[in-house]
$ cat run_26.csv   # CSV, C-alpha atoms and all ligand atoms
chain,number,residue,atom,x,y,z
A,137,MET,CA,-21.7,233.1,203.8
A,138,LYS,CA,-19.6,232.6,200.7
A,139,ARG,CA,-20.5,229.8,198.2
A,140,LEU,CA,-18.2,227.0,197.2
A,141,VAL,CA,-17.6,226.8,193.5
A,142,SER,CA,-14.9,224.3,192.8
A,143,ALA,CA,-13.2,221.2,194.2
A,144,GLU,CA,-10.2,219.8,192.4
A,145,LYS,CA,-8.3,216.8,193.7
A,146,SER,CA,-4.7,216.1,192.8
A,147,ASN,CA,-4.0,213.0,190.6
A,148,ASP,CA,-2.5,211.1,193.5
A,149,GLY,CA,-5.5,211.9,195.7
A,150,LEU,CA,-3.3,213.2,198.5
A,151,LEU,CA,-5.0,216.7,198.5
A,152,PHE,CA,-7.7,218.8,197.0
A,153,SER,CA,-8.1,222.5,196.3
A,154,LEU,CA,-11.4,224.3,197.0
A,155,GLY,CA,-12.5,227.6,195.5
A,156,TRP,CA,-15.1,229.9,196.8
A,157,GLU,CA,-17.2,232.5,194.8
A,158,ASP,CA,-15.1,235.4,196.1
A,159,GLY,CA,-11.9,233.9,194.7
A,160,PHE,CA,-10.7,232.5,198.0
A,161,LYS,CA,-8.8,229.2,197.5
A,162,ALA,CA,-7.5,226.7,200.0
A,163,ARG,CA,-5.8,223.3,199.8
A,164,PHE,CA,-6.5,220.4,202.2
A,165,HIS,CA,-4.7,217.2,202.7
A,166,ALA,CA,-6.5,213.8,202.5
A,167,ILE,CA,-5.2,212.7,205.9
A,168,TRP,CA,-6.2,216.0,207.5
A,169,LEU,CA,-9.7,215.8,206.0
A,170,ARG,CA,-10.1,212.2,207.1
A,171,ASP,CA,-8.9,212.9,210.6
A,172,ASN,CA,-11.4,215.8,210.9
A,173,ALA,CA,-14.4,213.9,209.5
A,174,LEU,CA,-17.5,215.0,211.3
A,175,ASP,CA,-19.5,211.8,210.9
A,176,PRO,CA,-20.9,209.9,214.0
A,177,GLU,CA,-18.3,207.1,213.6
A,178,THR,CA,-15.5,209.6,213.9
A,179,ARG,CA,-17.0,212.0,216.4
A,180,SER,CA,-19.5,211.3,219.1
A,181,ALA,CA,-22.8,212.8,218.2
A,182,GLY,CA,-23.4,213.6,221.9
A,183,ASN,CA,-20.3,215.5,222.9
A,184,ALA,CA,-18.4,216.0,219.6
A,185,GLN,CA,-15.2,214.3,221.0
A,186,ARG,CA,-13.2,212.1,218.6
A,187,LEU,CA,-13.9,208.5,219.0
A,188,ILE,CA,-11.0,207.2,216.9
A,189,THR,CA,-7.2,207.5,217.1
A,190,LEU,CA,-5.0,208.3,214.1
A,191,SER,CA,-4.0,204.7,214.0
A,192,ASP,CA,-7.5,203.8,213.1
A,193,ILE,CA,-7.0,205.7,209.8
A,194,PRO,CA,-4.9,204.0,207.1
A,195,PRO,CA,-1.6,205.9,206.5
A,196,ASP,CA,-2.2,205.6,202.8
A,197,THR,CA,-5.5,207.4,202.9
A,198,THR,CA,-6.4,209.3,199.7
A,199,ILE,CA,-9.3,211.2,198.3
A,200,ALA,CA,-11.0,208.8,195.8
A,201,ASP,CA,-13.4,211.5,194.7
A,202,ALA,CA,-14.8,214.9,195.9
A,203,THR,CA,-18.0,216.6,194.7
A,204,ILE,CA,-19.9,219.7,195.7
A,205,ALA,CA,-23.6,219.9,196.2
A,206,ALA,CA,-25.6,222.4,198.2
A,207,ASP,CA,-22.4,224.0,199.6
A,208,THR,CA,-21.3,220.7,201.0
A,209,VAL,CA,-18.3,218.8,199.8
A,210,SER,CA,-18.8,215.0,199.7
A,211,VAL,CA,-15.5,213.1,199.9
A,212,ARG,CA,-15.0,209.4,199.4
A,213,PHE,CA,-11.8,208.2,201.1
A,214,ALA,CA,-9.8,205.2,199.9
A,215,PRO,CA,-8.8,202.6,200.9
A,216,GLU,CA,-11.6,202.7,203.6
A,217,ASP,CA,-14.2,203.5,200.9
A,218,LYS,CA,-15.7,205.9,203.4
A,219,GLN,CA,-18.0,208.7,202.4
A,220,VAL,CA,-17.9,211.9,204.5
A,221,GLU,CA,-19.6,215.3,204.1
A,222,PHE,CA,-18.0,218.6,205.0
A,223,PRO,CA,-20.0,221.8,205.2
A,224,GLY,CA,-18.3,224.4,202.9
A,225,GLN,CA,-18.3,227.0,205.8
A,226,TRP,CA,-16.6,224.6,208.1
A,227,LEU,CA,-13.8,224.1,205.7
A,228,ARG,CA,-13.5,227.8,205.1
A,229,ASP,CA,-13.4,228.4,208.8
A,230,HIS,CA,-10.7,225.8,209.2
A,231,ALA,CA,-8.5,226.6,206.2
A,232,TYR,CA,-4.8,226.3,207.0
A,233,ASP,CA,-3.4,227.1,203.6
A,234,VAL,CA,-3.1,230.7,204.7
A,235,ASN,CA,-0.5,230.7,207.5
A,236,ALA,CA,2.8,231.1,205.5
A,237,GLY,CA,4.9,234.2,206.0
A,238,ARG,CA,3.7,235.2,209.5
A,239,ALA,CA,6.0,237.7,211.1
A,240,ARG,CA,7.6,237.0,214.5
A,241,GLY,CA,5.3,238.8,216.9
A,242,TRP,CA,2.1,238.2,214.9
A,243,THR,CA,-1.2,238.6,216.8
A,244,ALA,CA,-4.6,236.9,216.4
A,245,PRO,CA,-7.3,238.7,214.4
A,246,ASP,CA,-9.5,239.0,217.6
A,247,ILE,CA,-7.0,241.3,219.3
A,248,GLU,CA,-6.3,244.9,218.7
A,249,THR,CA,-3.4,246.8,220.2
A,250,TRP,CA,-3.8,250.3,221.7
A,251,ASP,CA,-1.9,253.2,223.1
A,252,GLY,CA,-2.7,256.2,225.3
A,253,GLY,CA,-5.4,257.4,222.9
A,254,PHE,CA,-7.5,254.4,223.8
A,255,ASP,CA,-11.1,255.2,224.7
A,256,VAL,CA,-11.7,253.5,228.1
A,257,ALA,CA,-15.4,254.2,227.7
A,258,SER,CA,-15.5,251.6,224.9
A,259,VAL,CA,-14.6,248.9,227.4
A,260,THR,CA,-16.4,250.2,230.4
A,261,GLY,CA,-19.4,248.2,231.6
A,262,VAL,CA,-22.0,248.9,234.3
A,263,HIS,CA,-22.0,246.5,237.2
A,264,LYS,CA,-25.8,245.9,237.2
A,265,SER,CA,-26.0,245.4,233.4
A,266,VAL,CA,-23.3,242.8,233.2
A,267,GLN,CA,-24.8,241.0,236.1
A,268,HIS,CA,-28.2,240.7,234.6
A,269,ASP,CA,-27.9,241.2,230.8
A,270,ALA,CA,-26.2,238.5,228.8
A,271,MET,CA,-25.6,240.8,225.9
A,272,ALA,CA,-24.0,243.4,228.1
A,273,LEU,CA,-21.8,240.7,229.7
A,274,LYS,CA,-20.9,239.4,226.2
A,275,ASN,CA,-19.8,242.9,225.1
A,276,TRP,CA,-17.8,243.5,228.2
A,277,LEU,CA,-16.0,240.1,228.0
A,278,SER,CA,-15.3,240.7,224.3
A,279,GLY,CA,-13.6,243.9,225.3
A,280,VAL,CA,-11.3,241.9,227.5
A,281,ARG,CA,-10.5,239.5,224.7
A,282,ARG,CA,-9.9,242.3,222.2
A,283,HIS,CA,-8.1,244.9,224.3
A,284,GLY,CA,-6.9,242.9,227.3
A,285,PHE,CA,-8.5,245.5,229.6
A,286,ALA,CA,-11.9,246.5,230.7
A,287,LYS,CA,-13.5,248.6,233.5
A,288,LEU,CA,-16.7,248.2,235.5
A,289,THR,CA,-18.5,251.0,237.3
A,290,GLY,CA,-21.3,251.2,239.8
A,291,GLY,CA,-20.5,248.1,241.8
A,292,PRO,CA,-21.2,247.8,245.5
A,293,VAL,CA,-18.7,249.3,247.9
A,294,ALA,CA,-18.4,246.0,249.8
A,295,SER,CA,-15.5,243.8,250.8
A,296,GLY,CA,-15.3,240.7,248.6
A,297,ALA,CA,-17.4,242.2,245.8
A,298,LEU,CA,-14.5,241.4,243.4
A,299,VAL,CA,-15.3,237.7,243.7
A,300,ASP,CA,-18.7,238.3,242.2
A,301,VAL,CA,-16.9,240.0,239.2
A,302,ALA,CA,-14.8,236.9,238.7
A,303,ALA,CA,-17.9,234.7,239.0
A,304,LEU,CA,-19.4,236.5,236.0
A,305,PHE,CA,-17.1,234.4,233.8
A,306,GLY,CA,-15.2,231.9,235.9
A,307,TYR,CA,-13.4,231.4,239.2
A,308,VAL,CA,-10.9,233.1,241.4
A,309,ARG,CA,-7.4,231.6,241.2
A,310,GLU,CA,-6.2,231.3,244.8
A,311,THR,CA,-2.5,231.9,245.5
A,312,ASN,CA,-0.3,232.5,248.5
A,313,TYR,CA,-1.8,236.0,248.6
A,314,GLY,CA,-5.2,234.4,249.3
A,315,LYS,CA,-8.4,234.1,247.5
A,316,TRP,CA,-8.2,237.9,247.3
A,317,PHE,CA,-5.7,240.4,248.8
A,318,GLU,CA,-6.0,243.8,250.4
A,319,VAL,CA,-4.1,246.4,248.5
A,320,ARG,CA,-3.5,249.1,251.1
A,321,THR,CA,-0.6,250.5,253.1
A,322,GLU,CA,0.7,248.1,255.7
A,323,VAL,CA,3.2,248.4,258.5
A,324,ASN,CA,5.5,245.6,257.5
A,325,PRO,CA,4.6,245.0,253.9
A,326,ALA,CA,5.3,241.6,252.4
A,327,ASN,CA,5.1,243.2,249.0
A,328,LEU,CA,5.7,246.7,247.8
A,329,ALA,CA,2.2,246.8,246.4
A,330,TYR,CA,1.1,247.1,250.1
A,331,THR,CA,2.7,250.6,250.5
A,332,GLY,CA,2.0,254.0,249.2
A,333,LEU,CA,4.8,253.8,246.7
A,334,GLY,CA,4.2,254.4,243.0
A,335,LEU,CA,4.4,251.2,241.0
A,336,GLN,CA,5.9,251.2,237.5
A,337,ALA,CA,3.5,249.5,235.0
A,338,HIS,CA,4.0,245.8,235.4
A,339,THR,CA,2.5,242.4,235.0
A,340,ASP,CA,1.8,240.6,238.3
A,341,ASN,CA,3.5,237.5,239.5
A,342,PRO,CA,5.9,236.8,236.7
A,343,TYR,CA,7.7,234.6,239.2
A,344,ARG,CA,4.8,232.2,239.0
A,345,ASP,CA,4.5,229.5,236.4
A,346,PRO,CA,1.9,229.6,235.0
A,347,VAL,CA,1.3,233.2,235.7
A,348,PRO,CA,-2.2,234.3,236.7
A,349,THR,CA,-3.7,235.2,233.3
A,350,LEU,CA,-6.3,237.7,234.7
A,351,GLN,CA,-6.2,240.2,237.5
A,352,ILE,CA,-9.1,242.2,239.0
A,353,LEU,CA,-8.4,245.3,241.0
A,354,TYR,CA,-11.5,246.6,242.9
A,355,CYS,CA,-11.7,249.9,244.6
A,356,LEU,CA,-13.3,250.4,248.0
A,357,GLU,CA,-11.7,253.7,249.1
A,358,ASN,CA,-9.6,256.2,247.1
A,359,SER,CA,-9.7,259.5,248.8
A,360,ALA,CA,-5.9,259.7,249.3
A,361,ALA,CA,-4.0,262.2,247.2
A,362,GLY,CA,-2.5,260.3,244.3
A,363,GLY,CA,-3.0,256.6,243.7
A,364,ASP,CA,-4.1,257.0,240.1
A,365,SER,CA,-4.1,253.9,238.0
A,366,GLN,CA,-2.4,253.4,234.6
A,367,VAL,CA,-2.6,250.6,232.1
A,368,VAL,CA,-0.3,249.9,229.2
A,369,ASP,CA,-0.8,247.5,226.3
A,370,GLY,CA,2.3,245.3,226.6
A,371,PHE,CA,1.7,243.9,223.1
A,372,ALA,CA,1.7,247.4,221.7
A,373,ALA,CA,5.0,248.1,223.6
A,374,ALA,CA,6.6,244.9,222.3
A,375,LEU,CA,5.6,245.7,218.8
A,376,ARG,CA,7.0,249.2,219.1
A,377,LEU,CA,10.2,247.7,220.3
A,378,ARG,CA,10.2,245.3,217.3
A,379,ALA,CA,9.7,248.2,214.9
A,380,GLU,CA,12.5,250.3,216.4
A,381,ASN,CA,14.9,247.5,217.2
A,382,PRO,CA,14.1,244.1,215.7
A,383,HIS,CA,17.3,242.6,217.1
A,384,GLY,CA,16.5,243.8,220.6
A,385,PHE,CA,13.0,242.4,220.3
A,386,GLU,CA,14.5,239.1,219.2
A,387,LEU,CA,16.8,239.0,222.2
A,388,LEU,CA,13.9,239.5,224.7
A,389,THR,CA,12.0,236.7,223.0
A,390,ARG,CA,14.9,234.3,222.6
A,391,TYR,CA,16.4,234.4,226.1
A,392,CYS,CA,14.8,233.7,229.4
A,393,ALA,CA,14.8,236.3,232.2
A,394,ARG,CA,14.5,235.1,235.8
A,395,PHE,CA,11.9,236.3,238.3
A,396,GLU,CA,11.7,235.7,242.0
A,397,TYR,CA,9.6,236.5,245.0
A,398,ARG,CA,10.3,235.7,248.6
A,399,GLY,CA,7.3,236.2,250.8
A,400,THR,CA,7.0,236.0,254.5
A,401,GLY,CA,8.9,232.9,255.5
A,402,ASP,CA,7.0,230.2,253.7
A,403,VAL,CA,7.0,231.5,250.1
A,404,HIS,CA,9.8,231.3,247.5
A,405,LEU,CA,8.6,231.5,244.0
A,406,VAL,CA,11.0,231.4,241.0
A,407,SER,CA,10.6,231.3,237.3
A,408,ARG,CA,12.7,231.2,234.1
A,409,LYS,CA,10.7,232.8,231.3
A,410,PRO,CA,11.3,235.4,228.6
A,411,MET,CA,10.1,239.0,229.0
A,412,ILE,CA,8.4,238.7,225.6
A,413,GLU,CA,7.1,235.2,225.0
A,414,LEU,CA,6.3,234.0,221.5
A,415,THR,CA,4.7,230.7,220.6
A,416,PRO,CA,6.9,228.3,218.5
A,417,ASP,CA,5.3,229.8,215.3
A,418,GLY,CA,6.0,233.4,216.4
A,419,GLN,CA,2.6,234.5,217.9
A,420,LEU,CA,2.9,237.1,220.6
A,421,ALA,CA,2.0,235.0,223.6
A,422,ALA,CA,2.8,236.9,226.8
A,423,ILE,CA,4.7,239.8,228.3
A,424,ARG,CA,6.4,239.5,231.7
A,425,PHE,CA,7.6,242.8,233.1
A,426,ASN,CA,8.0,243.6,236.7
A,427,ASN,CA,11.0,245.6,238.0
A,428,ARG,CA,10.4,244.6,241.6
A,429,SER,CA,10.6,240.9,240.9
A,430,THR,CA,13.2,240.5,238.2
A,431,ALA,CA,16.0,238.3,239.5
A,432,ALA,CA,19.5,238.1,238.3
A,433,ILE,CA,19.3,237.2,234.7
A,434,THR,CA,21.8,234.4,234.0
A,435,ASP,CA,20.6,232.7,230.8
A,436,VAL,CA,21.7,235.4,228.3
A,437,PRO,CA,25.1,234.5,226.8
A,438,PHE,CA,27.8,236.8,227.8
A,439,ASP,CA,28.3,238.2,224.3
A,440,HIS,CA,24.6,239.2,224.2
A,441,MET,CA,24.1,240.6,227.7
A,442,ALA,CA,24.9,244.3,226.9
A,443,GLU,CA,22.5,244.3,223.9
A,444,TYR,CA,19.9,242.4,226.0
A,445,TYR,CA,20.1,245.1,228.7
A,446,ALA,CA,19.8,247.8,226.0
A,447,ALA,CA,16.6,246.2,224.7
A,448,TYR,CA,15.3,245.6,228.3
A,449,ARG,CA,15.9,249.3,229.0
A,450,ARG,CA,14.2,250.4,225.8
A,451,LEU,CA,11.2,248.2,226.5
A,452,GLY,CA,10.9,249.9,229.9
A,453,GLU,CA,11.2,253.4,228.3
A,454,ILE,CA,8.4,252.5,225.9
A,455,ILE,CA,6.2,251.2,228.8
A,456,ASP,CA,7.0,254.5,230.7
A,457,ASP,CA,6.1,256.7,227.7
A,458,PRO,CA,3.0,258.6,228.7
A,459,ALA,CA,1.9,258.3,225.1
A,460,MET,CA,1.4,254.5,225.7
A,461,ALA,CA,-0.6,254.7,228.9
A,462,VAL,CA,-4.2,255.2,229.8
A,463,GLY,CA,-4.7,256.7,233.2
A,464,PHE,CA,-7.7,257.1,235.5
A,465,LYS,CA,-8.5,257.2,239.2
A,466,LEU,CA,-10.7,254.4,240.4
A,467,GLU,CA,-13.7,255.5,242.5
A,468,PRO,CA,-15.2,253.3,245.2
A,469,GLY,CA,-17.3,250.6,243.6
A,470,GLU,CA,-15.3,250.6,240.4
A,471,CYS,CA,-12.8,248.0,239.2
A,472,PHE,CA,-10.8,247.0,236.3
A,473,ILE,CA,-9.7,243.7,234.8
A,474,VAL,CA,-6.5,243.1,232.9
A,475,ASP,CA,-5.2,240.2,230.8
A,476,ASN,CA,-2.1,239.8,232.9
A,477,THR,CA,-0.3,238.1,230.0
A,478,ARG,CA,-0.6,241.3,228.0
A,479,VAL,CA,-1.7,244.5,229.7
A,480,LEU,CA,0.5,246.1,232.4
A,481,HIS,CA,-0.9,248.0,235.3
A,482,GLY,CA,0.7,250.6,237.6
A,483,ARG,CA,-0.2,253.4,240.0
A,484,THR,CA,1.1,256.7,241.0
A,485,GLY,CA,2.3,257.0,244.6
A,486,TYR,CA,-0.1,258.2,247.3
A,487,ALA,CA,-0.2,259.5,250.8
A,488,ASP,CA,-2.8,258.2,253.3
A,489,SER,CA,-2.7,261.5,255.3
A,490,GLY,CA,-6.0,263.3,254.8
A,491,GLY,CA,-7.6,260.4,252.9
A,492,SER,CA,-7.3,256.7,252.5
A,493,ARG,CA,-6.9,254.2,249.7
A,494,TRP,CA,-8.0,250.6,249.8
A,495,LEU,CA,-8.3,248.2,246.8
A,496,GLN,CA,-8.9,244.5,246.8
A,497,GLY,CA,-7.3,242.3,244.1
A,498,CYS,CA,-7.7,238.8,242.9
A,499,TYR,CA,-6.5,236.6,240.1
A,500,ALA,CA,-8.5,234.5,237.7
A,501,ASP,CA,-8.0,232.5,234.5
A,502,LYS,CA,-8.4,233.7,230.9
A,503,ASP,CA,-9.3,230.3,229.4
A,504,GLY,CA,-12.5,230.3,231.6
A,505,LEU,CA,-13.3,233.9,230.5
A,506,LEU,CA,-12.9,233.0,226.8
A,507,SER,CA,-15.0,229.9,227.3
A,508,THR,CA,-17.9,231.9,228.9
A,509,LEU,CA,-17.6,234.4,226.1
A,510,SER,CA,-17.7,231.7,223.4
A,511,VAL,CA,-20.8,230.2,224.9
A,512,LEU,CA,-22.5,233.7,225.1
A,513,GLU,CA,-21.5,234.3,221.4
A,514,GLU,CA,-22.9,231.0,220.3
A,515,ALA,CA,-26.2,231.6,222.2
A,516,ALA,CA,-26.4,235.0,220.5
A,517,MET,CA,-25.9,233.4,217.1
A,518,VAL,CA,-28.8,231.0,217.8
A,519,ASP,CA,-31.0,233.9,218.8
A,520,VAL,CA,-30.3,235.6,215.5
A,521,ALA,CA,-30.9,232.5,213.4
A,601,LIG,N1,0.2,241.5,245.1
A,601,LIG,C1,-0.7,242.6,245.1
A,601,LIG,O1,3.3,240.5,241.3
A,601,LIG,C2,3.5,241.2,242.3
A,601,LIG,O2,4.3,240.9,243.1
A,601,LIG,C3,2.7,242.4,242.4
A,601,LIG,C4,1.0,241.3,243.9
A,601,LIG,C5,1.0,241.5,246.3
A,601,LIG,C6,-0.7,240.3,245.2
A,601,LIG,C7,1.9,242.5,243.6
A,602,LIG,C1,-1.2,245.2,242.6
A,602,LIG,C2,-1.1,246.6,242.0
A,602,LIG,C3,-2.0,248.8,241.9
A,602,LIG,C4,-2.7,249.7,242.7
A,602,LIG,O1,-1.9,245.1,243.6
A,602,LIG,O2,-0.8,244.3,241.9
A,602,LIG,O3,-0.3,246.7,241.1
A,602,LIG,O4,-3.4,250.6,242.1
A,602,LIG,N1,-1.8,247.6,242.6
A,602,LIG,O5,-2.6,249.7,243.9
A,603,ZN,ZN,0.2,244.7,240.3
$ encode --input "run_26.csv" --output "structure tokens"
Amino acid sequence: MKRLVSAEKSNDGLLFSLGWEDGFKARFHAIWLRDNALDPETRSAGNAQRLITLSDIPPDTTIADATIAADTVSVRFAPEDKQVEFPGQWLRDHAYDVNAGRARGWTAPDIETWDGGFDVASVTGVHKSVQHDAMALKNWLSGVRRHGFAKLTGGPVASGALVDVAALFGYVRETNYGKWFEVRTEVNPANLAYTGLGLQAHTDNPYRDPVPTLQILYCLENSAAGGDSQVVDGFAAALRLRAENPHGFELLTRYCARFEYRGTGDVHLVSRKPMIELTPDGQLAAIRFNNRSTAAITDVPFDHMAEYYAAYRRLGEIIDDPAMAVGFKLEPGECFIVDNTRVLHGRTGYADSGGSRWLQGCYADKDGLLSTLSVLEEAAMVDVA
């Protein structure tokens, strides 16, 4: 923990600047500080939710004075004449005077992009350990957060076992495909996934809004020839496109594609979303890429369509580049999970003659996984302290 060494307020009291012993400096506005006060009149001591609205805070709020003692900043706000204490570490953790100049396509510090050299063993958990050992579960989930992909080995070869994997961190997201779905060759397949065809690396269900943010694919049989799995980091692919062709990257973020799926009779899903989605402040938010379900794209201006298609083609080539992919063959009792907003998955074609292939798949939600991980991390911090 770094120590606070200085607090200097502006003459008008509208902001102060804090300095830490390592030279880090950050400015904070009076109104921001007052709104984020941690005292029990501002936030419920029981559940930490804010008790007041912004209208309860005078618009002409200023810092009357600010002093440092024992790594805490004591602030007196005018005109309320209200005294509030801020832990130095809390202010450091919440500094916002650092966000200028982010590139379009920036990523959060807790993620790391990867290519075909990625070491799958580093994100491979053992079924029994993650079921029974909170530390093992924390490490496994943190791999999902950082890399958008993780594997699990040594699970039961039992129908429905994938639901227990989802239950490690949250809940299955049920869709028209069911609570879970059987991925095996069918006679009249409602989806090309239910054939022996190879599948280009893709994200699932881009035609859904919101898309399922996690997918689990769990192997029950895999003795057929072929049917190897591949995963590709879609963020790495997008950033490679950006490096090669910034304008093409821009087009795929600026314009919506269209995605569509018609199932058996009662299903017709459509969406209008970009292939590379950025937040309004440019953070890489999601990749949608699925050759089977891309509909006619009608939202790109005529004058940009040729360049849009060139960028779309190039993104596909990058995704297909073997240097980007990690490949493996799932064994019965093994599964993998992908962040379906980021990591694409695919498979090589297979023939059921002389063997068989049967996977089960389900969707789940990343916010729940991150919540479980955060709670496990907080518990681990308490244990250390
Ligand atoms: N299945 C496996 O998004 C897709 O259409 C890929 C999805 C049918 C649930 C396949
Ligand atoms: C899927 C899928 C891959 C596989 O079901 O969504 O992409 O390995 N399956 O069968
Ligand atoms: Zn899929």
$ residues_near_ligand --input "run_26.csv" --ligand "ligand LIG 601 (chain A)" --cutoff "7 Å" --atoms "all atoms listed in the file" --output "PyMOL selection string"
chain A and resi 313+317+319+327+329-330+339-342+429+497
$ residues_around --input "run_26.csv" --residues "Ser295 of chain A" --least-positions-apart "5" --cutoff "12 Å" --atoms "all atoms listed in the file" --output "count of residues only"
15
$ closest_residue --input "run_26.csv" --among "A:Glu380, A:Asn358, A:His338, A:Asp501" --to "ligand ZN 603 (chain A)" --atoms "all atoms listed in the file"
A:His338
$ atom_distance --input "run_26.csv" --atom1 "atom CA of Gly491 of chain A" --atom2 "atom CA of Gly296 of chain A"
21.6 Å
$ residues_around --input "run_26.csv" --residues "Ala326 of chain A" --least-positions-apart "6" --cutoff "10 Å" --atoms "all atoms listed in the file" --output "list in words"
Tyr313, Tyr397, Arg398, Gly399, Thr400 and Gly401 of chain A
$ closest_residue --input "run_26.csv" --among "A:Ala205, A:Leu350, A:Val141, A:Ala294" --to "Val280 of chain A" --atoms "all atoms listed in the file"
A:Leu350
$ closest_residue --input "run_26.csv" --among "A:Arg320, A:Lys502, A:His440, A:Arg186" --to "ligand LIG 602 (chain A)" --atoms "only C-alpha atoms and all ligand atoms"
A:Arg320
$ closest_residue --input "run_26.csv" --among "A:Asp402, A:Glu396, A:Asp417, A:Glu386" --to "Ala236 of chain A" --atoms "only C-alpha atoms"
A:Asp417
$ atom_distance --input "run_26.csv" --atom1 "atom CA of Asp475 of chain A" --atom2 "atom CA of Tyr448 of chain A"
21.3 Å
$ atom_distance --input "run_26.csv" --atom1 "atom CA of Trp250 of chain A" --atom2 "atom CA of Glu453 of chain A"
16.7 Å
$ closest_residue --input "run_26.csv" --among "A:Leu151, A:Cys471, A:Asp175, A:Asp196" --to "Leu288 of chain A" --atoms "all atoms listed in the file"
A:Cys471
$ closest_residue --input "run_26.csv" --among "A:Pro458, A:Pro348, A:Gly290, A:Pro195" --to "ligand LIG 602 (chain A)" --atoms "all atoms listed in the file"
A:Pro348
$ residues_near_point --input "run_26.csv" --point "(15.8, 247.5, 233.4)" --cutoff "12 Å" --atoms "only C-alpha atoms" --output "list in words"
Gln336, Leu388, Ala393, Met411, Phe425, Asn426, Asn427, Arg428, Ser429, Thr430, Ala431, Ala432, Ile433, Ala442, Tyr444, Tyr445, Ala446, Ala447, Tyr448, Arg449, Arg450, Leu451, Gly452, Glu453, Ile454, Ile455 and Asp456 of chain A
$ build_atoms --input "run_26.csv" --residues "segment 270-274 of chain A" --atoms "all heavy atoms" --output "compact mmCIF listing (two decimals), in the coordinates of the input"
# COMPACT_ATOMS: atom_id res chain seq x y z
N ALA A 270 -27.19 239.30 229.49
CA ALA A 270 -26.20 238.50 228.80
C ALA A 270 -25.48 239.21 227.69
O ALA A 270 -24.28 239.02 227.46
CB ALA A 270 -26.85 237.19 228.29
N MET A 271 -26.22 240.06 226.99
CA MET A 271 -25.60 240.80 225.90
C MET A 271 -24.58 241.80 226.41
O MET A 271 -23.50 241.95 225.84
CB MET A 271 -26.75 241.56 225.15
CG MET A 271 -26.27 242.38 223.98
SD MET A 271 -25.83 241.32 222.62
CE MET A 271 -27.30 241.51 221.63
N ALA A 272 -24.92 242.46 227.53
CA ALA A 272 -24.00 243.40 228.10
C ALA A 272 -22.72 242.66 228.61
O ALA A 272 -21.59 243.13 228.44
CB ALA A 272 -24.62 244.16 229.28
N LEU A 273 -22.92 241.49 229.19
CA LEU A 273 -21.80 240.70 229.70
C LEU A 273 -20.91 240.26 228.47
O LEU A 273 -19.68 240.36 228.51
CB LEU A 273 -22.28 239.47 230.44
CG LEU A 273 -21.18 238.53 230.98
CD1 LEU A 273 -20.24 239.27 231.92
CD2 LEU A 273 -21.79 237.31 231.68
N LYS A 274 -21.59 239.82 227.40
CA LYS A 274 -20.90 239.40 226.20
C LYS A 274 -20.00 240.55 225.67
O LYS A 274 -18.82 240.36 225.34
CB LYS A 274 -21.86 238.93 225.13
CG LYS A 274 -21.22 238.55 223.81
CD LYS A 274 -22.24 237.93 222.87
CE LYS A 274 -23.13 238.94 222.18
NZ LYS A 274 -22.48 239.76 221.19
